[in-house]
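Text of the file upload.cif, holding mmCIF, C-alpha atoms (C1' of nucleotides):
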data_start
loop_
_atom_site.label_atom_id
_atom_site.label_comp_id
_atom_site.auth_asym_id
_atom_site.auth_seq_id
_atom_site.Cartn_x
_atom_site.Cartn_y
_atom_site.Cartn_z
CA MET A 184 -23.11 -22.73 -6.59
CA SER A 185 -22.63 -19.42 -8.28
CA THR A 186 -22.34 -19.08 -12.02
CA LYS A 187 -20.86 -16.65 -14.48
CA ASN A 188 -24.31 -15.25 -14.97
CA ASP A 189 -24.54 -14.25 -11.30
CA ILE A 190 -21.65 -11.85 -11.75
CA PHE A 191 -23.24 -10.13 -14.70
CA LYS A 192 -26.56 -9.97 -12.86
CA LEU A 193 -24.77 -8.36 -9.94
CA TYR A 194 -23.41 -5.72 -12.30
CA LEU A 195 -26.87 -5.01 -13.68
CA ARG A 196 -28.35 -4.76 -10.19
CA LEU A 197 -25.69 -2.28 -9.07
CA LEU A 198 -26.08 -0.29 -12.26
CA ARG A 199 -29.85 -0.04 -11.78
CA LYS A 200 -29.44 0.91 -8.13
CA HIS A 201 -26.74 3.57 -8.47
CA GLY A 202 -26.85 4.59 -12.12
CA PRO A 203 -23.77 4.78 -14.36
CA PRO A 204 -20.78 5.96 -12.28
CA GLN A 205 -19.70 9.42 -13.37
CA LYS A 206 -16.17 9.15 -12.12
CA TYR A 207 -13.79 6.27 -12.20
CA TRP A 208 -10.67 5.82 -10.17
CA PRO A 209 -10.01 7.71 -8.03
CA GLN A 210 -13.08 9.60 -6.95
CA TRP A 211 -11.53 13.02 -7.26
CA CYS A 212 -10.45 12.35 -10.79
CA ALA A 213 -12.80 12.17 -13.75
CA THR A 214 -11.66 10.18 -16.78
CA LYS A 215 -9.52 12.53 -18.71
CA LYS A 216 -7.23 11.13 -21.28
CA SER A 217 -4.25 13.31 -20.54
CA LEU A 218 -0.89 11.77 -19.76
CA LYS A 219 -0.68 13.86 -16.60
CA THR A 220 -3.88 12.34 -15.29
CA ARG A 221 -2.69 8.82 -16.03
CA GLU A 222 0.55 9.49 -14.23
CA MET A 223 -1.29 10.88 -11.22
CA ILE A 224 -3.50 7.80 -11.13
CA ALA A 225 -0.46 5.50 -11.18
CA ILE A 226 1.16 7.46 -8.36
CA GLY A 227 -2.10 7.40 -6.41
CA ALA A 228 -2.40 3.64 -6.92
CA ILE A 229 0.79 3.10 -4.96
CA LEU A 230 0.06 5.74 -2.32
CA THR A 231 -3.39 4.35 -1.57
CA GLN A 232 -2.16 0.97 -0.37
CA ARG A 233 -3.89 0.38 2.97
CA THR A 234 -4.70 4.09 3.17
CA SER A 235 -7.76 6.31 2.95
CA TRP A 236 -8.38 8.48 -0.12
CA HIS A 237 -8.32 11.59 1.96
CA ASN A 238 -4.74 10.94 3.08
CA VAL A 239 -3.65 10.08 -0.47
CA ASP A 240 -5.18 13.33 -1.65
CA LEU A 241 -3.10 15.30 0.86
CA ALA A 242 0.05 13.57 -0.38
CA LEU A 243 -0.81 14.22 -4.04
CA LYS A 244 -1.42 17.90 -3.26
CA ASN A 245 2.05 18.08 -1.72
CA LEU A 246 3.58 16.55 -4.83
CA LYS A 247 1.64 18.91 -7.07
CA ARG A 248 2.73 21.91 -5.02
CA VAL A 249 6.40 21.18 -5.72
CA ASN A 250 5.70 20.16 -9.32
CA LEU A 251 6.57 16.50 -8.70
CA LEU A 252 3.39 14.88 -10.00
CA SER A 253 5.36 13.25 -12.77
CA LEU A 254 6.92 9.81 -13.17
CA GLY A 255 9.95 11.21 -14.97
CA LYS A 256 10.65 13.81 -12.31
CA ILE A 257 10.27 11.36 -9.45
CA SER A 258 12.59 8.90 -11.22
CA LYS A 259 15.34 11.54 -11.23
CA LEU A 260 15.22 12.25 -7.50
CA LYS A 261 18.42 11.60 -5.59
CA ASP A 262 16.96 12.14 -2.16
CA LEU A 263 14.18 9.77 -1.17
CA ASP A 264 13.84 11.50 2.21
CA TYR A 265 12.52 14.53 0.36
CA LEU A 266 9.93 12.39 -1.42
CA SER A 267 9.13 10.60 1.81
CA ASN A 268 8.36 13.87 3.59
CA LEU A 269 6.07 15.02 0.79
CA ILE A 270 4.00 11.84 0.81
CA LYS A 271 3.97 11.50 4.60
CA PRO A 272 0.20 12.10 4.93
CA ALA A 273 -0.44 8.89 2.94
CA GLY A 274 1.22 6.81 5.65
CA PHE A 275 4.16 4.36 5.49
CA PRO A 276 6.20 7.21 3.94
CA LYS A 277 9.61 5.52 3.88
CA ILE A 278 8.44 2.36 2.22
CA LYS A 279 6.05 4.10 -0.14
CA ALA A 280 8.74 6.55 -1.26
CA LYS A 281 10.89 3.59 -2.20
CA ARG A 282 8.03 1.83 -3.99
CA LEU A 283 7.07 4.96 -5.87
CA PHE A 284 10.65 5.58 -6.94
CA THR A 285 11.10 1.97 -8.08
CA PHE A 286 7.97 2.19 -10.22
CA CYS A 287 8.87 5.58 -11.70
CA ALA A 288 12.41 4.46 -12.51
CA PHE A 289 11.06 1.33 -14.19
CA VAL A 290 8.61 3.25 -16.39
CA THR A 291 11.06 6.00 -17.22
CA GLU A 292 14.23 3.99 -17.77
CA LYS A 293 12.95 0.71 -19.12
CA HIS A 294 10.03 2.03 -21.18
CA ARG A 295 11.01 5.67 -21.77
CA GLY A 296 7.74 6.89 -20.27
CA LEU A 297 4.15 5.89 -19.63
CA GLU A 298 2.99 6.42 -23.22
CA ASN A 299 5.45 3.83 -24.48
CA PHE A 300 4.63 1.47 -21.65
CA MET A 301 0.98 1.63 -22.70
CA LYS A 302 1.86 0.06 -26.04
CA GLU A 303 2.93 -3.17 -24.39
CA ASP A 304 0.45 -6.04 -24.12
CA LEU A 305 -1.51 -6.62 -20.93
CA GLU A 306 0.07 -9.89 -19.80
CA THR A 307 3.65 -8.69 -20.27
CA SER A 308 2.91 -5.41 -18.50
CA ARG A 309 1.25 -7.23 -15.62
CA ARG A 310 4.20 -9.58 -15.20
CA GLU A 311 6.62 -6.66 -15.22
CA LEU A 312 4.60 -4.67 -12.70
CA LEU A 313 4.35 -7.66 -10.35
CA SER A 314 8.11 -8.13 -10.50
CA LEU A 315 8.64 -4.68 -8.96
CA ASN A 316 9.07 -4.53 -5.20
CA GLY A 317 5.99 -2.96 -3.66
CA ILE A 318 3.56 -3.71 -6.47
CA GLY A 319 1.25 -6.61 -5.75
CA PRO A 320 -1.78 -7.83 -7.70
CA GLU A 321 -4.21 -5.09 -6.69
CA THR A 322 -1.83 -2.22 -7.36
CA ALA A 323 -0.76 -3.81 -10.66
CA ASP A 324 -4.35 -4.23 -11.83
CA THR A 325 -5.27 -0.72 -10.73
CA ILE A 326 -2.41 0.70 -12.78
CA LEU A 327 -3.29 -1.52 -15.74
CA LEU A 328 -6.99 -0.62 -15.71
CA TYR A 329 -6.89 3.07 -14.85
CA ALA A 330 -3.49 4.33 -16.01
CA LEU A 331 -2.63 1.98 -18.89
CA GLU A 332 -6.25 1.52 -20.06
CA LYS A 333 -6.13 -2.28 -20.21
CA PRO A 334 -9.03 -4.60 -19.37
CA SER A 335 -7.62 -6.04 -16.14
CA PHE A 336 -10.21 -6.52 -13.40
CA VAL A 337 -9.29 -5.12 -9.98
CA ILE A 338 -10.09 -7.10 -6.82
CA ASP A 339 -10.13 -5.25 -3.52
CA GLU A 340 -11.61 -5.53 -0.04
CA TYR A 341 -14.91 -4.02 -1.19
CA THR A 342 -15.18 -6.72 -3.84
CA ARG A 343 -14.53 -9.47 -1.33
CA ARG A 344 -17.03 -8.09 1.19
CA LEU A 345 -19.72 -7.82 -1.46
CA LEU A 346 -19.15 -11.35 -2.79
CA VAL A 347 -19.31 -12.78 0.73
CA LYS A 348 -22.45 -10.82 1.47
CA LYS A 349 -24.14 -12.01 -1.71
CA GLY A 350 -22.93 -15.57 -1.15
CA LEU A 351 -21.26 -15.61 -4.55
CA SER A 352 -17.88 -16.99 -3.49
CA THR A 353 -16.21 -18.57 -0.51
CA ASN A 354 -12.76 -18.64 -2.11
CA LEU A 355 -11.42 -15.14 -1.55
CA LYS A 356 -8.00 -15.56 -3.10
CA TYR A 357 -7.03 -12.79 -5.49
CA ARG A 358 -6.34 -14.90 -8.57
CA HIS A 359 -9.49 -16.94 -8.13
CA LEU A 360 -11.73 -13.88 -7.88
CA LYS A 361 -10.03 -12.09 -10.75
CA ASP A 362 -10.55 -15.15 -12.98
CA PHE A 363 -14.15 -15.43 -11.82
CA PHE A 364 -14.93 -11.86 -12.88
CA GLU A 365 -12.95 -11.97 -16.10
CA LYS A 366 -14.51 -15.26 -17.21
CA SER A 367 -17.96 -13.85 -16.46
CA LEU A 368 -17.51 -10.65 -18.45
CA PRO A 369 -16.30 -9.56 -21.87
CA PRO A 370 -12.80 -8.02 -21.65
CA ALA A 371 -13.89 -4.38 -21.86
CA MET A 372 -12.02 -1.66 -20.00
CA GLY A 373 -15.10 0.55 -19.62
CA LEU A 374 -17.15 -2.29 -18.15
CA TYR A 375 -14.39 -3.23 -15.72
CA ARG A 376 -14.06 0.37 -14.57
CA ASP A 377 -17.80 0.88 -14.17
CA PHE A 378 -18.25 -2.40 -12.31
CA HIS A 379 -15.37 -1.72 -9.93
CA ALA A 380 -16.62 1.83 -9.31
CA LEU A 381 -20.13 0.51 -8.58
CA ILE A 382 -18.77 -2.06 -6.12
CA ILE A 383 -17.05 0.74 -4.21
CA ILE A 384 -20.10 3.01 -4.29
CA GLU A 385 -22.18 0.11 -2.98
CA GLY A 386 -19.58 -0.69 -0.32
CA LYS A 387 -19.32 2.86 0.95
CA GLY A 388 -23.10 3.12 1.09
CA GLU A 389 -23.35 -0.06 3.13
CA LYS A 390 -20.76 1.23 5.50
CA SER A 391 -22.36 4.59 6.20
CA SER A 392 -25.74 3.01 6.85
CA PHE A 393 -24.04 0.53 9.17
CA MET A 394 -22.35 3.38 11.04
CA LYS A 395 -25.65 5.23 11.31
CA LYS A 396 -27.46 2.18 12.60
CA THR A 397 -24.89 1.29 15.25
CA ARG A 398 -24.25 4.77 16.54
CA GLY A 399 -25.61 5.83 19.95
"C1'" DA B 265 -8.37 6.30 23.67
"C1'" DC B 266 -9.48 3.54 20.70
"C1'" DC B 267 -10.50 1.85 15.52
"C1'" DC B 268 -10.14 2.05 10.70
"C1'" DA B 269 -8.50 2.87 5.81
"C1'" DG B 270 -9.42 0.16 -1.81
"C1'" DG B 271 -1.76 -3.76 0.31
"C1'" DT B 272 2.76 -5.69 0.25
"C1'" DG B 273 6.86 -8.23 1.43
"C1'" DG B 274 9.58 -10.64 4.83
"C1'" DC B 275 9.81 -14.21 7.89
"C1'" DC B 276 8.53 -18.55 9.83
"C1'" DC B 277 6.77 -23.16 9.78
"C1'" DG C 161 1.33 -22.67 0.55
"C1'" DG C 162 -0.52 -20.24 4.58
"C1'" DG C 163 -0.30 -17.34 9.01
"C1'" DC C 164 1.56 -13.49 11.26
"C1'" DC C 165 3.64 -9.06 11.38
"C1'" DA C 166 5.69 -4.32 10.36
"C1'" DC C 167 4.94 -0.44 7.83
"C1'" DA C 168 2.53 5.38 9.73
"C1'" DT C 169 -0.75 8.91 9.07
"C1'" DG C 170 -5.30 11.52 9.47
"C1'" DG C 171 -10.08 11.22 10.76
"C1'" DG C 172 -14.23 9.44 13.20
#
Reformat the file's structure so that it appears as structure tokens.
Amino acid sequence: MSTKNDIFKLYLRLLRKHGPPQKYWPQWCATKKSLKTREMIAIGAILTQRTSWHNVDLALKNLKRVNLLSLGKISKLKDLDYLSNLIKPAGFPKIKAKRLFTFCAFVTEKHRGLENFMKEDLETSRRELLSLNGIGPETADTILLYALEKPSFVIDEYTRRLLVKKGLSTNLKYRHLKDFFEKSLPPAMGLYRDFHALIIIEGKGEKSSFMKKTRG
DNA sequence: ACCCAGGTGGCCC
DNA sequence: GGGCCACATGGG
């Protein structure tokens, strides 16, 4: 039977092993407080669904090249095929273009921009994000934590793998795990970001050593 | 020529 | 409520 304390101990172990993470989400983006960065993170959160960072990066570079790394600009697009072609490297281009547009239109039209949206409380924002087509719990929490700066813990495949490996949970449902982490920790954005980053660093490390071991 | 990557929604039972 | 499937591209 795992306890709340096990989660905090896990955090301390990861912190001791890897040191404080220098960069948050995503890897190629340090925590800058600019609106542009937050918008890029939100766009990346949608593009990265079931997709490698490298491919998301290619798509973001395409958007930047045509000066479209902006929620307001994307929300004004008439031609989703154009958007779809730009984000093609990130995979599922048709569906992701639609999802991205839906999100951008919501932020721009309903909230008059990301800065206003940030003023809304966490629970209301989360409900609104989840009501959008194409935004599920992980994408919603990623946007909340990294773009809107709210203490909303993100659960992903790395988190599940680590919990299974450590024997800390057998219930792998999103809501259950999110509650488990949030009840074990104080609601602090910085802590949630660091912890999530450490879980990924740990997960990627495990993977490369696994690949090394099984090769040849 | 496989296999995988930080999900989500639609459909079916 | 759960199980299965489509959605697509770049890299190992």
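Here CA of Asn188 in chain A is placed at a distance of 28.0 Å from CA of Leu331 in chain A.
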Residues of chain B within 8 Å of chain A, counting only C-alpha atoms (C1' of nucleotides) - could you list those as an MDAnalysis selection string? chainID B and resid 269:273
Please list as a ChimeraX atom specification every residue within 9 Å of DC167 in chain C, counting all atoms listed in the file and excluding residues in the same chain fewer than 3 positions away. /A:274-278
Could you list, with a cut-off of 12 Å and counting only C-alpha atoms (C1' of nucleotides), the residues of chain C near chain A, each shown with its nearest atom pair and the distance in Å rounded to one decimal, rows sorted by chain and ascending number, as CSV?
residue,atom,partner,partner_atom,distance
C:DG162,C1',A:Lys356,CA,11.7
C:DA166,C1',A:Phe275,CA,10.1
C:DC167,C1',A:Phe275,CA,5.4
C:DA168,C1',A:Gly274,CA,4.5
C:DT169,C1',A:Gly274,CA,4.5
C:DG170,C1',A:Asn238,CA,6.4
C:DG171,C1',A:His237,CA,9.0
C:DG172,C1',A:Met394,CA,10.4
Could you save those same residues with C-alpha atoms (C1' of nucleotides) as a PDB file, keeping the file's coordinate frame?
ATOM      1  C1'  DG C 162      -0.520 -20.240   4.580  1.00  0.00           C
ATOM      2  C1'  DA C 166       5.690  -4.320  10.360  1.00  0.00           C
ATOM      3  C1'  DC C 167       4.940  -0.440   7.830  1.00  0.00           C
ATOM      4  C1'  DA C 168       2.530   5.380   9.730  1.00  0.00           C
ATOM      5  C1'  DT C 169      -0.750   8.910   9.070  1.00  0.00           C
ATOM      6  C1'  DG C 170      -5.300  11.520   9.470  1.00  0.00           C
ATOM      7  C1'  DG C 171     -10.080  11.220  10.760  1.00  0.00           C
ATOM      8  C1'  DG C 172     -14.230   9.440  13.200  1.00  0.00           C
TER       9       DG C 172
END
note - CA of Met223 in chain A and CA of Lys293 in chain A are separated by 19.2 Å
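Atom pair CA of Thr353 in chain A / CA of Lys366 in chain A has a distance of 17.1 Å (rounded to one decimal).
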Once 3 Å is added on each side, what centre and edge lengths in Å to one decimal does the axis-aligned box around all listed atoms of chain B have, as AutoDock Vina command-line options?
--center_x -0.3 --center_y -8.4 --center_z 10.9 --size_x 26.3 --size_y 35.5 --size_z 31.5
Could you list the residues chosen by the PyMOL selection byres ((chain B and resi 275) around 9) in this structure as a ChimeraX atom specification? /B:274,276 /C:164-165
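Distances here use all atoms listed in the file; by that measure, the residue among A:Ile190, A:Leu360, A:Leu297, A:Ile257 closest to Ala280 in chain A is A:Ile257.
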I need the residue set behind the PyMOL selection byres ((chain A and resi 384) around 12) for this file; please write it as a PDB file with C-alpha atoms (C1' of nucleotides), keeping the file's coordinate frame.
ATOM      1  CA  LEU A 197     -25.690  -2.280  -9.070  1.00  0.00           C
ATOM      2  CA  LEU A 198     -26.080  -0.290 -12.260  1.00  0.00           C
ATOM      3  CA  LYS A 200     -29.440   0.910  -8.130  1.00  0.00           C
ATOM      4  CA  HIS A 201     -26.740   3.570  -8.470  1.00  0.00           C
ATOM      5  CA  GLY A 202     -26.850   4.590 -12.120  1.00  0.00           C
ATOM      6  CA  PRO A 203     -23.770   4.780 -14.360  1.00  0.00           C
ATOM      7  CA  PRO A 204     -20.780   5.960 -12.280  1.00  0.00           C
ATOM      8  CA  GLN A 205     -19.700   9.420 -13.370  1.00  0.00           C
ATOM      9  CA  LYS A 206     -16.170   9.150 -12.120  1.00  0.00           C
ATOM     10  CA  TYR A 207     -13.790   6.270 -12.200  1.00  0.00           C
ATOM     11  CA  TRP A 208     -10.670   5.820 -10.170  1.00  0.00           C
ATOM     12  CA  PRO A 209     -10.010   7.710  -8.030  1.00  0.00           C
ATOM     13  CA  GLN A 210     -13.080   9.600  -6.950  1.00  0.00           C
ATOM     14  CA  TYR A 341     -14.910  -4.020  -1.190  1.00  0.00           C
ATOM     15  CA  THR A 342     -15.180  -6.720  -3.840  1.00  0.00           C
ATOM     16  CA  LEU A 345     -19.720  -7.820  -1.460  1.00  0.00           C
ATOM     17  CA  ASP A 377     -17.800   0.880 -14.170  1.00  0.00           C
ATOM     18  CA  PHE A 378     -18.250  -2.400 -12.310  1.00  0.00           C
ATOM     19  CA  HIS A 379     -15.370  -1.720  -9.930  1.00  0.00           C
ATOM     20  CA  ALA A 380     -16.620   1.830  -9.310  1.00  0.00           C
ATOM     21  CA  LEU A 381     -20.130   0.510  -8.580  1.00  0.00           C
ATOM     22  CA  ILE A 382     -18.770  -2.060  -6.120  1.00  0.00           C
ATOM     23  CA  ILE A 383     -17.050   0.740  -4.210  1.00  0.00           C
ATOM     24  CA  GLU A 385     -22.180   0.110  -2.980  1.00  0.00           C
ATOM     25  CA  GLY A 386     -19.580  -0.690  -0.320  1.00  0.00           C
ATOM     26  CA  LYS A 387     -19.320   2.860   0.950  1.00  0.00           C
ATOM     27  CA  GLY A 388     -23.100   3.120   1.090  1.00  0.00           C
ATOM     28  CA  GLU A 389     -23.350  -0.060   3.130  1.00  0.00           C
ATOM     29  CA  LYS A 390     -20.760   1.230   5.500  1.00  0.00           C
ATOM     30  CA  SER A 391     -22.360   4.590   6.200  1.00  0.00           C
TER      31      SER A 391
ATOM     32  C1'  DG B 270      -9.420   0.160  -1.810  1.00  0.00           C
TER      33       DG B 270
END
Find the residues near Met372 in chain A: any atom within 7 Å, counting only C-alpha atoms (C1' of nucleotides), skip ones fewer than 3 places away on the same chain, and give them as number ranges by chain. A: 328, 332-334, 375-376
Starting from the PyMOL selection byres ((chain A and resi 251) around 12), expand the selection into actual residues of this file and give them as a VMD selection string. chain A and resid 219 222 to 223 226 242 to 250 252 to 260 265 to 266 269 to 270 283 to 284 287
